[in-house]
>>> print(open('my_file_5.tsv').read())   # TSV, C-alpha atoms
chain	number	residue	atom	x	y	z
O	29	MET	CA	-37.74	94.72	-7.09
O	30	GLU	CA	-37.84	95.16	-10.81
O	31	VAL	CA	-35.13	95.25	-13.45
O	32	THR	CA	-35.04	98.77	-14.87
O	33	ALA	CA	-33.14	100.16	-17.84
O	34	ASN	CA	-30.62	101.67	-15.42
O	35	TRP	CA	-29.37	98.23	-14.42
O	36	TYR	CA	-28.55	97.36	-17.99
O	37	LEU	CA	-26.97	100.74	-18.64
O	38	VAL	CA	-24.71	100.46	-15.58
O	39	LEU	CA	-23.69	96.93	-16.59
O	40	GLY	CA	-22.92	98.16	-20.10
O	41	ALA	CA	-20.78	100.95	-18.64
O	42	VAL	CA	-18.93	98.48	-16.39
O	43	ILE	CA	-18.14	96.14	-19.30
O	44	PHE	CA	-17.05	99.08	-21.46
O	45	VAL	CA	-14.70	100.41	-18.78
O	46	ILE	CA	-13.22	96.97	-18.07
O	47	GLY	CA	-12.50	96.62	-21.79
O	48	ALA	CA	-10.94	100.10	-21.95
O	49	VAL	CA	-8.70	99.40	-18.95
O	50	GLY	CA	-7.63	96.11	-20.51
O	51	LEU	CA	-6.78	97.94	-23.71
O	52	LEU	CA	-4.62	100.36	-21.71
O	53	LEU	CA	-2.90	97.71	-19.59
O	54	ARG	CA	-2.25	94.73	-21.82
O	55	ARG	CA	0.55	94.58	-24.37
O	56	ASN	CA	-0.37	91.44	-26.26
O	57	PRO	CA	-2.05	92.63	-29.48
O	58	LEU	CA	-4.44	89.67	-29.45
O	59	VAL	CA	-5.66	90.43	-25.95
O	60	MET	CA	-6.00	94.10	-26.89
O	61	LEU	CA	-8.25	93.03	-29.76
O	62	MET	CA	-10.39	91.02	-27.33
O	63	CYS	CA	-10.65	94.08	-25.08
O	64	VAL	CA	-11.97	96.09	-28.04
O	65	GLU	CA	-14.61	93.39	-28.47
O	66	LEU	CA	-15.55	93.82	-24.80
O	67	MET	CA	-16.00	97.57	-25.32
O	68	LEU	CA	-18.16	96.97	-28.39
O	69	ASN	CA	-20.32	94.56	-26.40
O	70	GLY	CA	-20.83	97.06	-23.60
O	71	VAL	CA	-22.05	99.57	-26.18
O	72	ASN	CA	-24.25	96.94	-27.86
O	73	LEU	CA	-25.96	96.23	-24.56
O	74	THR	CA	-26.63	99.95	-24.14
O	75	PHE	CA	-28.07	100.17	-27.67
O	76	VAL	CA	-30.45	97.28	-27.08
O	77	THR	CA	-31.53	98.74	-23.74
O	78	PHE	CA	-32.38	102.10	-25.29
O	79	SER	CA	-34.10	100.34	-28.18
O	80	ARG	CA	-36.36	98.60	-25.69
O	81	GLU	CA	-36.80	101.73	-23.58
O	82	LEU	CA	-37.74	104.01	-26.47
O	83	GLY	CA	-39.69	101.35	-28.33
O	84	ASP	CA	-37.58	101.92	-31.43
O	85	ILE	CA	-36.25	98.97	-33.41
O	86	ALA	CA	-33.52	101.15	-34.96
O	87	GLY	CA	-31.31	100.57	-31.89
O	88	GLN	CA	-31.21	96.88	-32.69
O	89	THR	CA	-30.45	97.64	-36.32
O	90	VAL	CA	-27.43	99.64	-35.19
O	91	VAL	CA	-26.26	96.69	-33.10
O	92	PHE	CA	-26.44	94.57	-36.24
O	93	PHE	CA	-24.13	97.03	-38.02
O	94	VAL	CA	-21.78	97.04	-35.03
O	95	LEU	CA	-21.54	93.25	-35.33
O	96	VAL	CA	-20.60	93.57	-39.01
O	97	VAL	CA	-17.96	96.20	-38.25
O	98	ALA	CA	-16.60	94.06	-35.41
O	99	ALA	CA	-16.25	91.08	-37.75
O	100	ALA	CA	-14.42	93.20	-40.35
O	101	GLU	CA	-12.22	94.71	-37.65
O	102	VAL	CA	-11.23	91.29	-36.31
O	103	VAL	CA	-10.39	90.02	-39.79
O	104	VAL	CA	-8.13	92.98	-40.57
O	105	GLY	CA	-6.69	93.14	-37.05
O	106	LEU	CA	-5.77	89.47	-36.98
O	107	GLY	CA	-4.27	89.77	-40.47
O	108	LEU	CA	-2.08	92.62	-39.26
O	109	ILE	CA	-1.07	90.72	-36.12
O	110	VAL	CA	-0.09	87.65	-38.11
O	111	ALA	CA	1.89	89.81	-40.56
O	112	ILE	CA	3.68	91.61	-37.71
O	113	LEU	CA	4.43	88.49	-35.69
O	114	ARG	CA	5.73	86.78	-38.80
O	115	ARG	CA	8.32	89.52	-39.10
O	116	ARG	CA	9.08	89.86	-35.39
O	117	PRO	CA	8.19	86.81	-33.30
O	118	GLY	CA	7.02	87.66	-29.81
O	119	ALA	CA	6.39	91.31	-30.61
O	120	THR	CA	4.18	93.26	-28.20
O	121	ALA	CA	2.42	96.56	-28.81
O	122	ASP	CA	5.45	98.36	-27.34
O	123	ASP	CA	7.73	96.92	-30.02
O	124	LEU	CA	5.77	98.52	-32.84
O	125	ASN	CA	7.55	101.84	-32.55
O	126	MET	CA	8.84	102.48	-36.04
O	127	LEU	CA	7.04	105.84	-36.11
O	128	ARG	CA	8.49	107.16	-32.88
O	129	GLY	CA	10.10	110.56	-33.05
L	28	MET	CA	-38.57	88.07	-9.74
L	29	VAL	CA	-37.38	85.74	-12.49
L	30	GLU	CA	-36.15	88.77	-14.41
L	31	VAL	CA	-34.06	89.92	-11.47
L	32	VAL	CA	-32.46	86.50	-11.01
L	33	VAL	CA	-31.71	86.21	-14.74
L	34	PHE	CA	-30.23	89.69	-14.83
L	35	ILE	CA	-28.02	89.15	-11.78
L	36	LEU	CA	-26.76	85.78	-13.01
L	37	ALA	CA	-26.03	87.11	-16.51
L	38	ALA	CA	-24.42	90.26	-15.10
L	39	VAL	CA	-22.11	88.23	-12.85
L	40	VAL	CA	-21.18	86.01	-15.81
L	41	CYS	CA	-20.48	89.08	-17.96
L	42	VAL	CA	-18.35	90.91	-15.41
L	43	VAL	CA	-16.38	87.82	-14.37
L	44	GLY	CA	-15.72	87.04	-18.03
L	45	ALA	CA	-14.67	90.62	-18.76
L	46	LEU	CA	-12.28	90.66	-15.80
L	47	GLY	CA	-10.97	87.29	-16.95
L	48	VAL	CA	-10.16	88.70	-20.40
L	49	VAL	CA	-8.14	91.50	-18.84
L	50	LEU	CA	-6.43	89.51	-16.10
L	51	ALA	CA	-5.75	86.10	-17.70
L	52	ARG	CA	-2.06	85.53	-18.39
L	53	ASN	CA	-2.66	82.99	-21.10
L	54	PRO	CA	-4.38	84.40	-24.22
L	55	VAL	CA	-6.30	81.13	-24.70
L	56	HIS	CA	-7.90	81.60	-21.28
L	57	ALA	CA	-8.65	85.22	-22.18
L	58	ALA	CA	-10.43	84.10	-25.36
L	59	LEU	CA	-12.52	81.55	-23.42
L	60	MET	CA	-13.42	84.20	-20.86
L	61	LEU	CA	-14.50	86.41	-23.77
L	62	VAL	CA	-16.89	83.64	-24.86
L	63	MET	CA	-18.34	83.67	-21.33
L	64	THR	CA	-19.00	87.41	-21.50
L	65	LEU	CA	-20.54	87.09	-24.96
L	66	PHE	CA	-22.95	84.40	-23.77
L	67	GLY	CA	-23.91	86.57	-20.79
L	68	ILE	CA	-24.66	89.46	-23.14
L	69	ALA	CA	-26.71	87.13	-25.35
L	70	VAL	CA	-28.81	86.18	-22.30
L	71	LEU	CA	-29.38	89.86	-21.57
L	72	PHE	CA	-30.43	90.38	-25.21
L	73	VAL	CA	-33.03	87.65	-24.80
L	74	ALA	CA	-34.18	89.24	-21.55
L	75	GLN	CA	-34.79	92.44	-23.51
L	76	GLU	CA	-36.60	90.61	-26.30
L	77	ALA	CA	-33.91	91.17	-28.92
L	78	HIS	CA	-34.08	87.52	-29.93
L	79	PHE	CA	-32.46	87.82	-33.34
L	80	LEU	CA	-29.48	89.71	-31.95
L	81	ALA	CA	-29.04	87.11	-29.21
L	82	VAL	CA	-28.81	84.37	-31.84
L	83	VAL	CA	-26.46	86.42	-34.01
L	84	GLN	CA	-24.34	87.20	-30.95
L	85	VAL	CA	-23.82	83.50	-30.25
L	86	ILE	CA	-23.29	82.47	-33.88
L	87	VAL	CA	-21.15	85.37	-35.10
L	88	TYR	CA	-19.26	86.35	-31.96
L	89	ALA	CA	-18.83	83.11	-30.05
L	90	GLY	CA	-18.97	80.93	-33.15
L	91	ALA	CA	-16.88	82.89	-35.62
L	92	ILE	CA	-14.91	85.77	-34.12
L	93	VAL	CA	-13.62	83.99	-31.01
L	94	VAL	CA	-12.84	80.87	-33.03
L	95	LEU	CA	-10.87	83.07	-35.42
L	96	ILE	CA	-8.96	84.61	-32.51
L	97	LEU	CA	-8.27	81.18	-31.01
L	98	PHE	CA	-7.15	79.95	-34.41
L	99	VAL	CA	-4.63	82.78	-34.68
L	100	ILE	CA	-3.39	82.12	-31.14
L	101	MET	CA	-2.85	78.47	-32.00
L	102	LEU	CA	-1.28	79.38	-35.34
L	103	LEU	CA	1.25	81.67	-33.72
L	104	GLY	CA	1.86	79.30	-30.82
L	105	VAL	CA	0.66	79.94	-27.30
L	106	ASP	CA	4.15	80.60	-26.04
L	107	GLU	CA	4.77	83.18	-28.71
L	108	ALA	CA	1.53	84.93	-27.97
L	109	ARG	CA	1.97	84.87	-24.22
L	110	GLU	CA	2.70	88.29	-22.90
L	111	LEU	CA	6.18	89.05	-21.77
L	112	GLN	CA	6.18	90.17	-18.20
L	113	LEU	CA	7.08	93.75	-18.79
L	114	ARG	CA	6.27	96.96	-17.07
L	115	ALA	CA	7.87	99.47	-19.36
L	116	LEU	CA	5.70	102.41	-18.37
L	117	PRO	CA	5.82	103.09	-14.64
L	118	ALA	CA	2.63	105.18	-14.52
L	119	GLN	CA	0.59	102.86	-16.71
L	120	LEU	CA	-1.30	100.95	-14.02
L	121	PRO	CA	-2.21	103.97	-11.84
L	122	ALA	CA	-3.14	106.02	-14.91
L	123	ALA	CA	-5.40	103.25	-16.20
L	124	LEU	CA	-7.05	102.86	-12.79
L	125	VAL	CA	-7.65	106.62	-12.54
L	126	PHE	CA	-9.13	106.56	-16.04
L	127	ALA	CA	-11.38	103.65	-15.02
L	128	ALA	CA	-12.57	105.34	-11.83
L	129	VAL	CA	-13.29	108.65	-13.58
L	130	SER	CA	-15.08	107.21	-16.61
L	131	LEU	CA	-17.07	104.69	-14.61
L	132	GLY	CA	-17.99	107.36	-12.06
L	133	VAL	CA	-19.19	109.74	-14.76
L	134	LEU	CA	-21.17	107.07	-16.62
L	135	VAL	CA	-22.83	105.62	-13.52
L	136	THR	CA	-23.62	109.06	-12.11
L	137	VAL	CA	-25.26	110.12	-15.35
L	138	VAL	CA	-27.32	106.94	-15.49
L	139	VAL	CA	-28.34	106.84	-11.83
L	140	SER	CA	-28.96	110.55	-11.28
L	141	VAL	CA	-31.85	110.75	-13.76
L	142	ASP	CA	-35.11	108.86	-13.33
L	143	ASP	CA	-35.59	108.03	-16.98
L	144	PRO	CA	-32.28	107.74	-18.84
L	145	ALA	CA	-33.96	107.50	-22.24
L	146	THR	CA	-34.38	111.16	-23.05
L	147	GLY	CA	-35.15	110.81	-26.76
L	148	LEU	CA	-38.54	110.68	-28.37
L	149	PRO	CA	-40.11	107.26	-28.78
L	150	GLY	CA	-39.52	105.81	-32.20
L	151	LEU	CA	-41.89	106.90	-34.94
L	152	GLY	CA	-40.91	104.92	-38.02
L	153	GLY	CA	-39.60	101.71	-36.52
L	154	ALA	CA	-41.68	101.59	-33.35
L	155	ILE	CA	-41.59	98.19	-31.66
L	156	ASP	CA	-44.87	96.38	-32.05
L	157	ASP	CA	-45.06	93.41	-29.70
L	158	SER	CA	-47.51	91.56	-31.95
L	159	VAL	CA	-44.93	91.35	-34.75
L	160	PRO	CA	-41.95	89.00	-34.30
L	161	ASN	CA	-38.62	90.62	-33.51
L	162	VAL	CA	-36.91	89.19	-36.61
L	163	GLU	CA	-39.60	90.60	-38.88
L	164	GLN	CA	-39.38	94.07	-37.39
L	165	LEU	CA	-35.60	94.06	-37.62
L	166	ALA	CA	-35.79	92.92	-41.24
L	167	ILE	CA	-38.23	95.69	-42.15
L	168	SER	CA	-35.97	98.25	-40.50
L	169	LEU	CA	-32.78	96.82	-42.01
L	170	PHE	CA	-34.04	96.39	-45.57
L	171	GLY	CA	-36.28	99.45	-45.48
L	172	ASP	CA	-34.93	102.50	-43.67
L	173	TYR	CA	-31.34	101.32	-43.50
L	174	VAL	CA	-30.98	99.58	-46.84
L	175	TYR	CA	-28.18	101.89	-48.06
L	176	ALA	CA	-26.21	101.36	-44.86
L	177	PHE	CA	-26.75	97.64	-45.32
L	178	GLU	CA	-25.35	97.81	-48.85
L	179	LEU	CA	-22.36	99.76	-47.56
L	180	THR	CA	-21.59	96.99	-45.04
L	181	SER	CA	-21.17	94.62	-47.98
L	182	VAL	CA	-18.53	96.99	-49.38
L	183	LEU	CA	-16.87	97.02	-45.95
L	184	LEU	CA	-16.81	93.23	-45.83
L	185	VAL	CA	-15.32	93.01	-49.32
L	186	ILE	CA	-12.58	95.46	-48.29
L	187	ALA	CA	-11.92	93.38	-45.17
L	188	VAL	CA	-11.67	90.16	-47.19
L	189	VAL	CA	-9.33	91.72	-49.75
L	190	SER	CA	-7.12	93.22	-47.04
L	191	ALA	CA	-6.97	89.91	-45.17
L	192	VAL	CA	-5.91	88.12	-48.35
L	193	VAL	CA	-3.27	90.77	-49.09
L	194	LEU	CA	-1.92	90.63	-45.54
L	195	ALA	CA	-1.86	86.86	-45.27
L	196	ARG	CA	-0.61	85.86	-48.71
L	197	ARG	CA	2.80	84.28	-49.02
L	198	PRO	CA	5.33	86.98	-49.82
L	199	SER	CA	7.07	86.77	-53.19
L	200	ARG	CA	10.78	86.03	-53.35
L	201	GLN	CA	11.66	89.70	-53.73
L	202	GLU	CA	9.47	90.68	-50.77
L	203	ARG	CA	10.94	87.88	-48.71
L	204	ALA	CA	14.40	89.28	-49.37
L	205	GLN	CA	13.17	92.70	-48.28
L	206	LEU	CA	11.64	91.17	-45.14
L	207	GLU	CA	14.91	89.45	-44.31
L	208	ALA	CA	16.77	92.73	-44.73
L	209	LEU	CA	14.28	94.56	-42.50
L	210	ARG	CA	14.53	91.82	-39.92
L	211	ALA	CA	18.32	91.99	-39.92
L	212	GLU	CA	18.03	95.77	-39.52
L	213	ASP	CA	15.68	95.27	-36.57
L	214	LEU	CA	18.06	92.86	-34.92
L	215	ALA	CA	21.00	95.18	-35.48
L	216	ALA	CA	19.04	98.11	-34.03
L	217	ALA	CA	18.00	96.06	-30.98
L	218	GLU	CA	21.58	94.96	-30.58
L	219	ALA	CA	22.88	98.52	-30.75
L	220	GLU	CA	20.24	99.70	-28.30
L	221	ARG	CA	21.11	96.92	-25.91
L	222	ALA	CA	24.79	97.67	-26.15
L	223	GLU	CA	24.10	101.34	-25.51
L	224	GLU	CA	21.84	100.64	-22.54
L	225	GLN	CA	24.24	98.17	-21.04
L	226	SER	CA	27.39	100.19	-21.42
L	227	GLY	CA	27.23	101.00	-17.69
L	228	TYR	CA	26.30	97.51	-16.58
L	229	ASP	CA	27.85	94.08	-16.69
L	230	GLN	CA	28.42	92.64	-20.10
L	231	PRO	CA	25.88	89.91	-20.91
L	232	ASP	CA	27.40	86.45	-20.86
L	233	ASP	CA	24.71	84.67	-22.90
L	234	ASP	CA	24.58	87.20	-25.70
L	235	GLN	CA	23.15	85.53	-28.76
L	236	PRO	CA	22.70	87.76	-31.75
L	237	GLY	CA	19.85	85.67	-33.16
L	238	ASP	CA	17.71	85.73	-30.03
L	239	ASP	CA	15.31	88.63	-30.25
L	240	ARG	CA	13.19	87.97	-27.19
L	241	THR	CA	15.89	87.81	-24.57
L	242	GLY	CA	17.13	91.05	-26.03
L	243	ASP	CA	13.76	92.70	-25.58
L	244	GLU	CA	13.33	91.35	-22.09
L	245	ARG	CA	16.74	92.51	-21.09
L	246	THR	CA	16.14	95.96	-22.55
L	247	VAL	CA	13.00	96.29	-20.49
L	248	ASP	CA	14.66	94.99	-17.35
L	249	ASP	CA	17.35	97.56	-17.78
L	250	GLU	CA	14.81	100.31	-18.27
L	251	GLN	CA	13.20	99.25	-15.05
L	252	VAL	CA	16.50	99.33	-13.24
L	253	ARG	CA	17.30	102.73	-14.62
L	254	ARG	CA	13.98	104.13	-13.51
>>> encode(input="my_file_5.tsv", output="structure tokens")
Amino acid sequence: MEVTANWYLVLGAVIFVIGAVGLLLRRNPLVMLMCVELMLNGVNLTFVTFSRELGDIAGQTVVFFVLVVAAAEVVVGLGLIVAILRRRPGATADDLNMLRG
Amino acid sequence: MVEVVVFILAAVVCVVGALGVVLARNPVHAALMLVMTLFGIAVLFVAQEAHFLAVVQVIVYAGAIVVLILFVIMLLGVDEARELQLRALPAQLPAALVFAAVSLGVLVTVVVSVDDPATGLPGLGGAIDDSVPNVEQLAISLFGDYVYAFELTSVLLVIAVVSAVVLARRPSRQERAQLEALRAEDLAAAEAERAEEQSGYDQPDDDQPGDDRTGDERTVDDEQVRR
């Protein structure tokens, strides 16, 4: 038995889908942010697998950029969450409905 | 054989951690489970000889991002951040599970049904050369082919820093007055909504105008009852 690229790709898909389901189910903005991180990591794993499979280092470069974007996203996301929760303590994603029709 | 054992162990760690993030009630536990998944992914990076990314994964993700998340949880208070037990949307759970089944089915079918999932051409410019260290190859790619993208990430980071400072700075007196007004408006709106929703039910006996959370909980409970 040998570990093939398919194993990694399936694992990446599983982590991505778990993150997506968490994003759909949870209401706590912080946990939703963590679920986005899970999805990004599933994709990162896929990128590294294809990088190895195709013998192209560019896949790993893209993962590096994804890490930078994830860091920026967390900074802005947490800033927003703190600003929102300062105004409305205990707010969940369902409470942020100022734009509803 | 070693590869298989490493993969299975890391995969179990990853999936358990991911499920923990989604299922944990307490956001602190969710953050710690996220660390578990990130370490599992780092192990898989090492297994695929992406050594630099494995190190960056541990330092940046587990060391910085999760600590930042934990810091915010602690700053806001665990009780505040804990999710209210609400089920406002009746179809949410089944819809999410259907979405999961469909997307996972499609992804796994696509991966498993072909022999060689990597359909692209092998890399020409940045081909992996096993005699050169991983860090060196990544550096040549990053500061050679992708140098403009790299410069753009610095712009992105500056924007993120500026936005974080703007969002987190202490509001001026005028803005604080505005915030207070908005908050009072919010409370009044929640109050009105509650009164409207409860017109057919018993009047609440512990009705405190300053208590936002009980109001929200009650609103949701009533929605549940109505549905």
>>> closest_atom_pairs(input="my_file_5.tsv", of="segment 53-123 of chain O", to="segment 67-89 of chain L", cutoff="10 Å", atoms="all atoms listed in the file", output="tab-separated table")
residue	atom	partner	partner_atom	distance
O:Glu65	CA	L:Tyr88	CA	9.1
O:Asn69	CA	L:Ile68	CA	7.4
O:Gly70	CA	L:Ile68	CA	8.5
O:Asn72	CA	L:Ile68	CA	8.9
O:Leu73	CA	L:Ile68	CA	7.0
O:Val76	CA	L:Phe72	CA	7.1
O:Thr77	CA	L:Gln75	CA	7.1
O:Ser79	CA	L:Ala77	CA	9.2
O:Arg80	CA	L:Gln75	CA	6.7
O:Glu81	CA	L:Gln75	CA	9.5
O:Ile85	CA	L:Ala77	CA	9.3
O:Gln88	CA	L:Ala77	CA	7.4
O:Thr89	CA	L:Leu80	CA	9.1
O:Val91	CA	L:Leu80	CA	7.8
O:Phe92	CA	L:Leu80	CA	7.2
O:Leu95	CA	L:Val87	CA	7.9
O:Val96	CA	L:Val87	CA	9.1
O:Ala98	CA	L:Tyr88	CA	8.9
O:Ala99	CA	L:Val87	CA	8.0
>>> atom_distance(input="my_file_5.tsv", atom1="atom CA of Gly107 of chain O", atom2="atom CA of Leu97 of chain L")
13.4 Å
>>> atom_distance(input="my_file_5.tsv", atom1="atom CA of Arg115 of chain O", atom2="atom CA of Val188 of chain L")
21.6 Å
>>> interface_residues(input="my_file_5.tsv", of="chain O", to="chain L", cutoff="6 Å", atoms="all atoms listed in the file", output="list in words")
Val31, Val38, Val45, Val49, Gly50, Asn56, Leu82, Gly83, Asp84, Ile85, Ala100, Val104, Gly107 and Gly118 of chain O
>>> closest_residue(input="my_file_5.tsv", among="L:Val94, L:Val62, L:Ala216, L:Met101", to="Val110 of chain O", atoms="all atoms listed in the file")
L:Met101
>>> atom_distance(input="my_file_5.tsv", atom1="atom CA of Arg197 of chain L", atom2="atom CA of Ala215 of chain L")
25.2 Å
>>> closest_residue(input="my_file_5.tsv", among="L:Tyr175, L:His56, L:Arg221, L:Gly90", to="Phe93 of chain O", atoms="all atoms listed in the file")
L:Tyr175
